[in-house]
Structures are given as C-alpha cells and as structure tokens.
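Heads up, target30.txt below (compact mmCIF, C-alpha atoms):
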# COMPACT_ATOMS: atom_id res chain seq x y z
CA GLN A 19 16.90 97.36 109.18
CA LYS A 20 14.85 94.17 108.94
CA GLU A 21 11.47 94.24 110.64
CA VAL A 22 12.21 90.94 112.39
CA GLU A 23 15.72 89.76 113.21
CA GLN A 24 16.55 86.17 114.07
CA ASP A 25 19.93 84.53 114.50
CA PRO A 26 20.11 81.88 111.73
CA GLY A 27 22.45 79.64 113.73
CA PRO A 28 23.04 76.80 113.16
CA LEU A 29 22.56 75.75 116.77
CA SER A 30 23.62 72.30 117.94
CA VAL A 31 22.95 71.02 121.48
CA PRO A 32 22.97 67.63 123.26
CA GLU A 33 19.77 65.77 123.94
CA GLY A 34 18.07 66.91 127.15
CA ALA A 35 19.45 70.44 127.02
CA ILE A 36 17.32 73.56 127.34
CA VAL A 37 17.20 75.46 124.06
CA SER A 38 16.61 79.19 123.76
CA LEU A 39 15.63 80.70 120.40
CA ASN A 40 15.21 84.45 120.06
CA CYS A 41 13.95 87.20 117.80
CA THR A 42 13.84 90.97 117.97
CA TYR A 43 11.49 93.24 116.07
CA SER A 44 11.41 96.91 115.26
CA ASN A 45 7.73 97.87 114.89
CA SER A 46 5.90 98.43 118.18
CA ALA A 47 2.57 98.06 116.33
CA PHE A 48 3.18 94.32 115.97
CA GLN A 49 0.60 92.43 117.99
CA TYR A 50 0.54 88.65 117.53
CA PHE A 51 3.65 86.56 117.97
CA MET A 52 4.12 83.07 116.60
CA TRP A 53 6.66 80.32 116.29
CA TYR A 54 6.71 77.93 113.35
CA ARG A 55 8.66 74.69 113.11
CA GLN A 56 9.90 73.47 109.74
CA TYR A 57 11.31 70.02 109.19
CA SER A 58 13.66 69.52 106.27
CA ARG A 59 11.91 69.72 102.88
CA LYS A 60 8.52 70.36 104.49
CA GLY A 61 6.34 73.41 104.93
CA PRO A 62 6.39 75.30 108.25
CA GLU A 63 3.78 74.34 110.82
CA LEU A 64 2.46 76.57 113.59
CA LEU A 65 3.95 75.60 116.93
CA MET A 66 2.78 78.34 119.30
CA TYR A 67 1.27 81.78 119.24
CA THR A 68 0.71 84.46 121.83
CA TYR A 69 -0.71 87.96 122.00
CA SER A 70 0.41 89.55 125.21
CA SER A 71 3.66 90.04 127.03
CA GLY A 72 4.61 87.21 129.36
CA ASN A 73 4.95 83.46 129.06
CA LYS A 74 2.82 80.78 127.42
CA GLU A 75 3.53 77.10 128.00
CA ASP A 76 2.64 74.08 125.90
CA GLY A 77 4.27 70.90 127.10
CA ARG A 78 8.03 71.23 126.73
CA PHE A 79 7.71 74.52 124.85
CA THR A 80 7.45 78.02 126.35
CA ALA A 81 6.92 81.17 124.31
CA GLN A 82 7.96 84.43 125.93
CA VAL A 83 7.18 87.96 124.77
CA ASP A 84 8.67 91.20 126.08
CA LYS A 85 6.94 94.02 124.24
CA SER A 86 8.89 96.73 126.06
CA SER A 87 12.14 95.32 124.67
CA LYS A 88 10.59 94.11 121.39
CA TYR A 89 12.01 90.67 122.10
CA ILE A 90 10.45 87.22 121.78
CA SER A 91 11.83 83.83 122.77
CA LEU A 92 11.02 80.16 122.45
CA PHE A 93 12.36 77.77 125.08
CA ILE A 94 12.47 74.02 124.59
CA ARG A 95 12.94 71.92 127.73
CA ASP A 96 14.28 68.36 127.72
CA SER A 97 15.13 68.68 124.03
CA GLN A 98 14.75 65.58 121.87
CA PRO A 99 16.33 64.60 118.54
CA SER A 100 12.83 64.93 117.02
CA ASP A 101 13.00 68.66 117.83
CA SER A 102 15.73 69.04 115.21
CA ALA A 103 14.26 71.47 112.68
CA THR A 104 14.33 75.09 111.60
CA TYR A 105 12.36 77.39 113.89
CA LEU A 106 10.92 80.61 112.50
CA CYS A 107 9.50 83.42 114.53
CA ALA A 108 6.63 85.29 112.90
CA ILE A 109 4.95 88.46 113.96
CA TRP A 110 1.58 89.73 112.80
CA GLY A 111 0.66 93.34 112.58
CA LEU A 112 0.87 96.46 110.52
CA SER A 113 4.16 96.31 108.65
CA LEU A 114 6.43 99.27 107.99
CA GLN A 115 4.93 99.42 104.50
CA GLY A 116 1.44 99.84 105.98
CA ALA A 117 0.01 96.43 105.12
CA GLN A 118 -1.32 93.80 107.52
CA LYS A 119 0.74 90.67 107.09
CA LEU A 120 2.82 88.04 108.84
CA VAL A 121 6.48 88.99 108.95
CA PHE A 122 8.95 86.13 109.37
CA GLY A 123 12.35 85.95 110.93
CA GLN A 124 15.19 84.30 109.05
CA GLY A 125 14.79 80.99 110.88
CA THR A 126 17.20 79.21 113.24
CA ARG A 127 18.38 75.75 112.28
CA LEU A 128 18.47 73.56 115.40
CA THR A 129 20.08 70.14 115.77
CA ILE A 130 19.63 68.00 118.90
CA ASN A 131 22.39 65.41 119.18
CA PRO A 132 21.55 62.04 120.81
CA ASP B 1 -8.95 66.75 105.87
CA GLY B 2 -8.55 70.45 105.13
CA GLY B 3 -5.23 71.70 103.94
CA ILE B 4 -3.07 73.07 101.18
CA THR B 5 -1.80 70.94 98.33
CA GLN B 6 1.22 71.98 96.32
CA SER B 7 2.28 70.19 93.18
CA PRO B 8 4.57 68.99 91.89
CA LYS B 9 6.90 68.23 94.79
CA TYR B 10 9.95 68.47 92.52
CA LEU B 11 10.19 70.43 89.27
CA PHE B 12 12.99 70.88 86.79
CA ARG B 13 13.14 73.85 84.46
CA LYS B 14 15.29 74.36 81.42
CA GLU B 15 16.84 77.73 80.69
CA GLY B 16 14.32 80.09 79.05
CA GLN B 17 11.30 78.03 80.01
CA ASN B 18 8.23 79.13 81.96
CA VAL B 19 6.91 76.76 84.60
CA THR B 20 3.77 76.87 86.75
CA LEU B 21 3.54 75.72 90.34
CA SER B 22 0.14 74.65 91.59
CA CYS B 23 -1.40 75.58 94.94
CA GLU B 24 -4.88 74.42 95.97
CA GLN B 25 -6.60 74.85 99.35
CA ASN B 26 -9.86 73.54 100.77
CA LEU B 27 -9.78 75.62 103.95
CA ASN B 28 -12.15 78.29 102.60
CA HIS B 29 -9.48 80.93 103.28
CA ASP B 30 -9.64 84.22 101.40
CA ALA B 31 -5.96 85.19 101.56
CA MET B 32 -3.19 83.20 99.93
CA TYR B 33 0.57 83.74 99.68
CA TRP B 34 3.61 82.58 97.77
CA TYR B 35 7.05 82.52 99.41
CA ARG B 36 10.46 81.62 98.18
CA GLN B 37 12.94 80.01 100.59
CA ASP B 38 16.69 79.92 99.98
CA PRO B 39 19.25 78.53 102.42
CA GLY B 40 20.08 81.09 105.10
CA GLN B 41 17.57 83.66 103.80
CA GLY B 42 14.31 82.71 105.43
CA LEU B 43 10.99 83.24 103.68
CA ARG B 44 10.68 85.96 101.08
CA LEU B 45 7.24 87.03 99.90
CA ILE B 46 6.67 86.83 96.14
CA TYR B 47 2.96 87.59 95.70
CA TYR B 48 -0.16 87.54 97.80
CA SER B 49 -3.88 87.65 97.17
CA GLN B 50 -6.47 88.71 99.70
CA ILE B 51 -9.49 88.03 97.51
CA VAL B 52 -10.43 86.40 94.23
CA ASN B 53 -9.36 88.34 91.11
CA ASP B 54 -7.00 90.54 93.11
CA PHE B 55 -3.33 90.14 94.01
CA GLN B 56 -0.36 92.27 95.05
CA LYS B 57 3.38 92.09 94.57
CA GLY B 58 5.50 91.10 97.49
CA ASP B 59 9.15 91.85 98.09
CA ILE B 60 10.60 89.80 95.20
CA ALA B 61 7.90 89.70 92.48
CA GLU B 62 10.18 90.28 89.48
CA GLY B 63 10.21 87.28 87.16
CA TYR B 64 7.06 85.78 88.64
CA SER B 65 3.36 86.01 87.84
CA VAL B 66 0.19 84.76 89.52
CA SER B 67 -3.54 84.50 88.98
CA ARG B 68 -6.46 84.11 91.37
CA GLU B 69 -9.51 83.08 89.37
CA LYS B 70 -10.91 80.82 92.07
CA LYS B 71 -10.84 81.06 95.85
CA GLU B 72 -9.28 77.61 96.10
CA SER B 73 -6.45 78.09 93.64
CA PHE B 74 -3.42 80.40 93.47
CA PRO B 75 -0.92 79.19 90.83
CA LEU B 76 2.54 80.74 90.51
CA THR B 77 4.34 80.99 87.17
CA VAL B 78 8.10 81.30 87.20
CA THR B 79 8.99 83.03 83.95
CA SER B 80 12.20 83.04 81.96
CA ALA B 81 12.80 86.55 83.30
CA GLN B 82 13.60 85.06 86.71
CA LYS B 83 17.35 84.59 86.45
CA ASN B 84 17.91 82.51 89.55
CA PRO B 85 14.78 80.41 90.08
CA THR B 86 16.34 77.45 91.86
CA ALA B 87 14.70 77.48 95.31
CA PHE B 88 12.06 75.94 97.56
CA TYR B 89 8.64 77.52 96.95
CA LEU B 90 5.96 77.59 99.62
CA CYS B 91 2.29 78.44 99.30
CA ALA B 92 0.24 79.48 102.32
CA SER B 93 -3.27 80.53 103.17
CA GLN B 94 -4.38 82.68 106.05
CA GLY B 95 -6.91 81.63 108.66
CA GLY B 96 -7.25 84.08 111.51
CA TYR B 97 -3.83 85.42 112.41
CA GLY B 98 -1.89 82.33 111.37
CA TYR B 99 -0.83 80.84 108.07
CA THR B 100 -1.22 77.24 106.93
CA PHE B 101 1.54 76.14 104.59
CA GLY B 102 1.70 73.56 101.87
CA SER B 103 4.53 71.04 101.71
CA GLY B 104 6.43 73.02 99.09
CA THR B 105 7.80 72.62 95.57
CA ARG B 106 11.51 72.36 94.97
CA LEU B 107 12.38 73.95 91.63
CA THR B 108 15.72 73.30 89.99
CA VAL B 109 17.12 74.80 86.80
CA VAL B 110 18.86 72.26 84.60
Write the structure described by the file as structure tokens, please.
Amino acid sequence: QKEVEQDPGPLSVPEGAIVSLNCTYSNSAFQYFMWYRQYSRKGPELLMYTYSSGNKEDGRFTAQVDKSSKYISLFIRDSQPSDSATYLCAIWGLSLQGAQKLVFGQGTRLTINP
Amino acid sequence: DGGITQSPKYLFRKEGQNVTLSCEQNLNHDAMYWYRQDPGQGLRLIYYSQIVNDFQKGDIAEGYSVSREKKESFPLTVTSAQKNPTAFYLCASQGGYGYTFGSGTRLTVV
C-alpha cells in the first residue's frame, strides 16, 4: 500500500468550474499537509500548506484536511485556464520506514478548458 | 534571489555513458534531494542528503550516485548501470517543512 494515494486523472473541466483534488494517506503520524502545483516541464512550487484538520483558504484555493479519515483535499473556485497544471499532494512526517521526509502523491493532471 | 539552479535543462546520453546533473542552491539549506519523475508515476526519491559529506539512498538508487562535498551543491551521476534513464530529474532542498524545487533536467538516451 502506498503511503499517499492520489488519483492521477487526467481531469478536464470547463473554465469557471469548481475543482476538487483529493489524496488519502495511511500513516496517522503524518503532520503537515501540502499542495504543490507543477506546470509542464517545470519544477513543483508550493501552493498551500496546513497543519491541522479543517479548512485553509488562500484566494480561490481552499485546502481541507480530515485527519480522522486520513483524507486531504484541494478545492479551486472559479477555475481559470492558467490553473491547468499537475497538482501534487505532499505530506510531511515520520514515514513507514522511520525517516522524516516529505511523501508525495502521484499527482493529478488538471486541464481547464476556456 | 535565492533558489535552486539545475543544469543543463536538456541532456542527451549515449548508451553506456555516465552523465552528471548539476544542482546548486543558495538558500543555505542543509537537506537536499534528487527525484525522478516519469509520466503517471509521480516523484520517486533517488538520493537525499541531510548534511555535507553524508547521503542516503532513496527508493530507486540503483544506477545512480551522488556526492555532497559542499552545502550548496548536490550533483547526481546517472551511470551506465541505469538501464532506463530517460526521465525528468528534479532537485530540491528543504527549508522548514517544505521543499524548494529546481526547474529540472530532462535526460534522454539516444
């Protein structure tokens, strides 16, 4: 079982739609939860991070964490073509192998159609 | 501006040849990482280093080697033992709980 599971998509939605991206994780020791955005042929860049269960908003983006279900989500409101990218969830904590590191999901490729 | 510089952006390797990918950071971060990214497979950890002169294997270290002689530099060598090296390679450094990534090197076997 992978430590972090993410649906790779691809996901294609019309401009203006609300997008929901999700990840599940298996290790309850995981503590910090992040979302990275990666444009084609570029390195990932940190989009949002959160520590606790609940919601965190930043403009059109909302990160949601449910530690009881080991489930994290990223919502994008009023999606724009410039949001087209691969989104990777990443979770920081003590891995199953006992080392502190950032564990990445597989990434979801998102396309926003004008 | 602080950041991570990877070079070259594109690299072509002949069969049986070793190549070295450069990664330099001026963020004063102790920990650095190398990932490989293939379509549909996400990021896979090759090697990481938490301090100068020390490094550990990641999940897919076979066919790769690294060195960490300076805090700023963490080069990755793709050896001839790596049978399928064509991929996008990403270097990262750790500040706090997040990683800063370079812009990547695309390696192709010709």
*asked:* What are the residues of chain B lining chain A at 10 Å or less? Count only C-alpha atoms, and put the answer as a list of chain:residue names.
replied: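 Per the criterion, chain B yields B:Lys9, B:Gln37, B:Pro39, B:Gly40, B:Gln41, B:Gly42, B:Leu43, B:Arg44, B:Leu45, B:Tyr48, B:Phe88, B:Tyr89, B:Leu90, B:Cys91, B:Ala92, B:Gln94, B:Tyr97, B:Gly98, B:Tyr99, B:Thr100, B:Phe101, B:Gly102, B:Ser103, B:Gly104, B:Thr105, B:Arg106.
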I need the residues from that last selection saved to file as an mmCIF file, in the frame of the given file (with C-alpha atoms), if you can.
data_model
loop_
_atom_site.group_PDB
_atom_site.id
_atom_site.type_symbol
_atom_site.label_atom_id
_atom_site.label_comp_id
_atom_site.auth_asym_id
_atom_site.auth_seq_id
_atom_site.Cartn_x
_atom_site.Cartn_y
_atom_site.Cartn_z
ATOM 1 C CA LYS B 9 6.900 68.230 94.790
ATOM 2 C CA GLN B 37 12.940 80.010 100.590
ATOM 3 C CA PRO B 39 19.250 78.530 102.420
ATOM 4 C CA GLY B 40 20.080 81.090 105.100
ATOM 5 C CA GLN B 41 17.570 83.660 103.800
ATOM 6 C CA GLY B 42 14.310 82.710 105.430
ATOM 7 C CA LEU B 43 10.990 83.240 103.680
ATOM 8 C CA ARG B 44 10.680 85.960 101.080
ATOM 9 C CA LEU B 45 7.240 87.030 99.900
ATOM 10 C CA TYR B 48 -0.160 87.540 97.800
ATOM 11 C CA PHE B 88 12.060 75.940 97.560
ATOM 12 C CA TYR B 89 8.640 77.520 96.950
ATOM 13 C CA LEU B 90 5.960 77.590 99.620
ATOM 14 C CA CYS B 91 2.290 78.440 99.300
ATOM 15 C CA ALA B 92 0.240 79.480 102.320
ATOM 16 C CA GLN B 94 -4.380 82.680 106.050
ATOM 17 C CA TYR B 97 -3.830 85.420 112.410
ATOM 18 C CA GLY B 98 -1.890 82.330 111.370
ATOM 19 C CA TYR B 99 -0.830 80.840 108.070
ATOM 20 C CA THR B 100 -1.220 77.240 106.930
ATOM 21 C CA PHE B 101 1.540 76.140 104.590
ATOM 22 C CA GLY B 102 1.700 73.560 101.870
ATOM 23 C CA SER B 103 4.530 71.040 101.710
ATOM 24 C CA GLY B 104 6.430 73.020 99.090
ATOM 25 C CA THR B 105 7.800 72.620 95.570
ATOM 26 C CA ARG B 106 11.510 72.360 94.970
#
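Using only C-alpha atoms, the protein and nucleic acid residues lying no more than 8 Å from Ser22 in chain B, apart from those fewer than 4 places from it along its own chain, are Thr5, Gln6, Ser7, Pro8, Ser73, Phe74, Pro75 and Leu76 of chain B.
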_Atom pair CA of Glu69 in chain B / CA of Leu27 in chain B: separation (Å)_ =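 Calculated distance between CA of Glu69 in chain B and CA of Leu27 in chain B is 16.4 Å.
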*So which residues touch Lys71 in chain B within 10 Å, counting only C-alpha atoms, skipping near sequence neighbours fewer than 4 positions away, as a count of residues only?*
14
*Just how far from CA of Val83 in chain A is CA of Tyr35 in chain B, in Å to one decimal?*
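Atom-to-atom, CA of Tyr35 in chain B and CA of Val83 in chain A are spaced 25.9 Å apart.
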Draw an axis-aligned box tight on the listed atoms of range 45-53 of chain B, then pad every side by 5 Å and write out centre and edge lengths in Å to one decimal as JSON.
{"center_x": -1.6, "center_y": 87.6, "center_z": 95.5, "size_x": 27.7, "size_y": 12.3, "size_z": 18.8}
*Extract, using all atoms listed in the file, all DNA, RNA and protein residues at most 10 Å from Lys83 in chain B, discarding same-chain residues fewer than 4 positions from it, and format them as a PyMOL selection string.*
chain B and resi 15-16+62-63+78-79+109
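With distances taken over all atoms listed in the file, A:Ile94 is the one residue among A:Ala47, A:Cys107, A:Ile94, A:Leu65 lying closest to Glu33 in chain A.
Within the 10 Å cut-off around Ser87 in chain A, using all atoms listed in the file and omitting residues fewer than 6 positions from it on the same chain, the listed residues are Thr42, Tyr43, Ser44 and Ser46 of chain A.
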_Atom pair CA of Tyr89 in chain A / CA of Lys20 in chain A: separation (Å)_ =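 If I compute the distance from CA of Tyr89 in chain A to CA of Lys20 in chain A, I get 13.9 Å.
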*Mind listing as a list in words all residues within 7 Å of (11.9, 83.1, 93.3), counting all atoms listed in the file?*
Arg36, Pro85 and Ala87 of chain B
_Could you list, as a list in words, every residue within 10 Å of Asn131 in chain A, counting all atoms listed in the file and ignoring same-chain residues fewer than 2 positions away?_
Ser30, Val31, Pro32, Glu33, Gly34, Ala35, Ser97, Gln98, Pro99, Ser100, Ser102, Leu128 and Thr129 of chain A
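Ranking B:Tyr33, B:Ala61, B:Ser67, B:Val110 by their shortest atom-to-atom distance to Gln82 in chain B, with only C-alpha atoms included, puts B:Ala61 first.
Closest approach to Glu21 in chain A among A:Phe79, A:Asn40, A:Trp53, A:Lys88 is made by A:Lys88 (distances from only C-alpha atoms).
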_Counting only C-alpha atoms, the residue of B:Thr108, B:Ser80, B:Ser93, B:Thr86 that sits nearest Asp38 in chain B_ =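 The answer is B:Thr86, which sits nearest to Asp38 in chain B.
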*Nearest residue to Ser91 in chain A from the set A:Cys41, A:Tyr69, A:Tyr105, A:Ile36 (distances using all atoms listed in the file)*: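 Among A:Cys41, A:Tyr69, A:Tyr105, A:Ile36, it is A:Cys41 that comes nearest to Ser91 in chain A.
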Please write a file for range 20-33 of chain B, taken from the block I just shared, that holds all heavy atoms and is laid out as a PDB file, in the first residue's frame.
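Result saved to decode26.pdb:
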ATOM      1  N   THR B  20      26.460  13.570 -15.592  1.00  0.00           N
ATOM      2  CA  THR B  20      26.265  14.198 -14.288  1.00  0.00           C
ATOM      3  C   THR B  20      25.342  15.393 -14.419  1.00  0.00           C
ATOM      4  O   THR B  20      25.540  16.257 -15.285  1.00  0.00           O
ATOM      5  CB  THR B  20      27.611  14.631 -13.690  1.00  0.00           C
ATOM      6  OG1 THR B  20      28.410  13.470 -13.472  1.00  0.00           O
ATOM      7  CG2 THR B  20      27.397  15.339 -12.346  1.00  0.00           C
ATOM      8  N   LEU B  21      24.344  15.425 -13.542  1.00  0.00           N
ATOM      9  CA  LEU B  21      23.388  16.517 -13.492  1.00  0.00           C
ATOM     10  C   LEU B  21      23.775  17.421 -12.324  1.00  0.00           C
ATOM     11  O   LEU B  21      24.025  16.937 -11.207  1.00  0.00           O
ATOM     12  CB  LEU B  21      21.972  15.978 -13.275  1.00  0.00           C
ATOM     13  CG  LEU B  21      21.238  15.357 -14.470  1.00  0.00           C
ATOM     14  CD1 LEU B  21      22.001  14.170 -15.040  1.00  0.00           C
ATOM     15  CD2 LEU B  21      19.841  14.939 -14.050  1.00  0.00           C
ATOM     16  N   SER B  22      23.770  18.711 -12.579  1.00  0.00           N
ATOM     17  CA  SER B  22      24.194  19.662 -11.572  1.00  0.00           C
ATOM     18  C   SER B  22      23.003  20.225 -10.803  1.00  0.00           C
ATOM     19  O   SER B  22      21.926  20.442 -11.367  1.00  0.00           O
ATOM     20  CB  SER B  22      24.954  20.818 -12.241  1.00  0.00           C
ATOM     21  OG  SER B  22      25.219  21.848 -11.329  1.00  0.00           O
ATOM     22  N   CYS B  23      23.201  20.434  -9.488  1.00  0.00           N
ATOM     23  CA  CYS B  23      22.201  21.079  -8.652  1.00  0.00           C
ATOM     24  C   CYS B  23      22.922  21.980  -7.664  1.00  0.00           C
ATOM     25  O   CYS B  23      23.760  21.507  -6.879  1.00  0.00           O
ATOM     26  CB  CYS B  23      21.360  20.047  -7.913  1.00  0.00           C
ATOM     27  SG  CYS B  23      20.147  20.791  -6.799  1.00  0.00           S
ATOM     28  N   GLU B  24      22.614  23.273  -7.714  1.00  0.00           N
ATOM     29  CA  GLU B  24      23.240  24.254  -6.833  1.00  0.00           C
ATOM     30  C   GLU B  24      22.151  25.078  -6.153  1.00  0.00           C
ATOM     31  O   GLU B  24      21.186  25.486  -6.798  1.00  0.00           O
ATOM     32  CB  GLU B  24      24.139  25.206  -7.626  1.00  0.00           C
ATOM     33  CG  GLU B  24      25.243  24.528  -8.422  1.00  0.00           C
ATOM     34  CD  GLU B  24      26.449  24.205  -7.568  1.00  0.00           C
ATOM     35  OE1 GLU B  24      26.672  24.890  -6.542  1.00  0.00           O
ATOM     36  OE2 GLU B  24      27.182  23.257  -7.926  1.00  0.00           O
ATOM     37  N   GLN B  25      22.306  25.325  -4.828  1.00  0.00           N
ATOM     38  CA  GLN B  25      21.330  26.146  -4.120  1.00  0.00           C
ATOM     39  C   GLN B  25      22.040  27.221  -3.301  1.00  0.00           C
ATOM     40  O   GLN B  25      23.130  27.001  -2.794  1.00  0.00           O
ATOM     41  CB  GLN B  25      20.439  25.262  -3.218  1.00  0.00           C
ATOM     42  CG  GLN B  25      21.180  24.395  -2.214  1.00  0.00           C
ATOM     43  CD  GLN B  25      21.147  24.885  -0.781  1.00  0.00           C
ATOM     44  OE1 GLN B  25      20.662  25.988  -0.496  1.00  0.00           O
ATOM     45  NE2 GLN B  25      21.668  24.072   0.124  1.00  0.00           N
ATOM     46  N   ASN B  26      21.381  28.366  -3.201  1.00  0.00           N
ATOM     47  CA  ASN B  26      21.918  29.462  -2.383  1.00  0.00           C
ATOM     48  C   ASN B  26      20.935  29.843  -1.284  1.00  0.00           C
ATOM     49  O   ASN B  26      20.858  31.001  -0.869  1.00  0.00           O
ATOM     50  CB  ASN B  26      22.280  30.663  -3.252  1.00  0.00           C
ATOM     51  CG  ASN B  26      21.084  31.214  -4.004  1.00  0.00           C
ATOM     52  OD1 ASN B  26      19.959  30.736  -3.826  1.00  0.00           O
ATOM     53  ND2 ASN B  26      21.308  32.198  -4.840  1.00  0.00           N
ATOM     54  N   LEU B  27      20.188  28.846  -0.820  1.00  0.00           N
ATOM     55  CA  LEU B  27      19.180  29.052   0.212  1.00  0.00           C
ATOM     56  C   LEU B  27      19.703  28.737   1.610  1.00  0.00           C
ATOM     57  O   LEU B  27      18.972  28.867   2.585  1.00  0.00           O
ATOM     58  CB  LEU B  27      17.955  28.177  -0.098  1.00  0.00           C
ATOM     59  CG  LEU B  27      17.259  28.479  -1.433  1.00  0.00           C
ATOM     60  CD1 LEU B  27      16.295  27.354  -1.806  1.00  0.00           C
ATOM     61  CD2 LEU B  27      16.533  29.808  -1.342  1.00  0.00           C
ATOM     62  N   ASN B  28      20.932  28.272   1.681  1.00  0.00           N
ATOM     63  CA  ASN B  28      21.552  27.883   2.952  1.00  0.00           C
ATOM     64  C   ASN B  28      20.800  26.719   3.623  1.00  0.00           C
ATOM     65  O   ASN B  28      20.767  26.607   4.848  1.00  0.00           O
ATOM     66  CB  ASN B  28      21.635  29.067   3.926  1.00  0.00           C
ATOM     67  CG  ASN B  28      22.673  28.829   5.017  1.00  0.00           C
ATOM     68  OD1 ASN B  28      23.693  28.172   4.797  1.00  0.00           O
ATOM     69  ND2 ASN B  28      22.422  29.351   6.201  1.00  0.00           N
ATOM     70  N   HIS B  29      20.209  25.860   2.785  1.00  0.00           N
ATOM     71  CA  HIS B  29      19.503  24.688   3.309  1.00  0.00           C
ATOM     72  C   HIS B  29      20.473  23.537   3.524  1.00  0.00           C
ATOM     73  O   HIS B  29      21.377  23.307   2.711  1.00  0.00           O
ATOM     74  CB  HIS B  29      18.412  24.250   2.337  1.00  0.00           C
ATOM     75  CG  HIS B  29      17.258  25.207   2.270  1.00  0.00           C
ATOM     76  ND1 HIS B  29      16.307  25.139   1.275  1.00  0.00           N
ATOM     77  CD2 HIS B  29      16.898  26.244   3.073  1.00  0.00           C
ATOM     78  CE1 HIS B  29      15.405  26.083   1.473  1.00  0.00           C
ATOM     79  NE2 HIS B  29      15.747  26.775   2.557  1.00  0.00           N
ATOM     80  N   ASP B  30      20.261  22.800   4.603  1.00  0.00           N
ATOM     81  CA  ASP B  30      21.115  21.638   4.866  1.00  0.00           C
ATOM     82  C   ASP B  30      20.727  20.433   4.016  1.00  0.00           C
ATOM     83  O   ASP B  30      21.570  19.728   3.478  1.00  0.00           O
ATOM     84  CB  ASP B  30      21.046  21.250   6.348  1.00  0.00           C
ATOM     85  CG  ASP B  30      21.784  22.238   7.230  1.00  0.00           C
ATOM     86  OD1 ASP B  30      22.924  22.595   6.894  1.00  0.00           O
ATOM     87  OD2 ASP B  30      21.220  22.645   8.271  1.00  0.00           O
ATOM     88  N   ALA B  31      19.433  20.154   3.921  1.00  0.00           N
ATOM     89  CA  ALA B  31      18.977  18.925   3.260  1.00  0.00           C
ATOM     90  C   ALA B  31      18.686  19.166   1.785  1.00  0.00           C
ATOM     91  O   ALA B  31      18.082  20.169   1.405  1.00  0.00           O
ATOM     92  CB  ALA B  31      17.727  18.390   3.955  1.00  0.00           C
ATOM     93  N   MET B  32      19.114  18.206   0.971  1.00  0.00           N
ATOM     94  CA  MET B  32      18.867  18.258  -0.465  1.00  0.00           C
ATOM     95  C   MET B  32      18.432  16.894  -0.948  1.00  0.00           C
ATOM     96  O   MET B  32      18.780  15.863  -0.366  1.00  0.00           O
ATOM     97  CB  MET B  32      20.111  18.740  -1.219  1.00  0.00           C
ATOM     98  CG  MET B  32      20.542  20.155  -0.836  1.00  0.00           C
ATOM     99  SD  MET B  32      21.909  20.784  -1.810  1.00  0.00           S
ATOM    100  CE  MET B  32      21.113  21.070  -3.402  1.00  0.00           C
ATOM    101  N   TYR B  33      17.672  16.890  -2.068  1.00  0.00           N
ATOM    102  CA  TYR B  33      17.029  15.673  -2.566  1.00  0.00           C
ATOM    103  C   TYR B  33      17.111  15.609  -4.088  1.00  0.00           C
ATOM    104  O   TYR B  33      17.089  16.639  -4.763  1.00  0.00           O
ATOM    105  CB  TYR B  33      15.543  15.661  -2.166  1.00  0.00           C
ATOM    106  CG  TYR B  33      15.294  15.780  -0.681  1.00  0.00           C
ATOM    107  CD1 TYR B  33      15.346  17.014  -0.047  1.00  0.00           C
ATOM    108  CD2 TYR B  33      15.007  14.651   0.078  1.00  0.00           C
ATOM    109  CE1 TYR B  33      15.123  17.127   1.307  1.00  0.00           C
ATOM    110  CE2 TYR B  33      14.779  14.764   1.448  1.00  0.00           C
ATOM    111  CZ  TYR B  33      14.839  16.006   2.049  1.00  0.00           C
ATOM    112  OH  TYR B  33      14.614  16.107   3.393  1.00  0.00           O
TER     113      TYR B  33
END
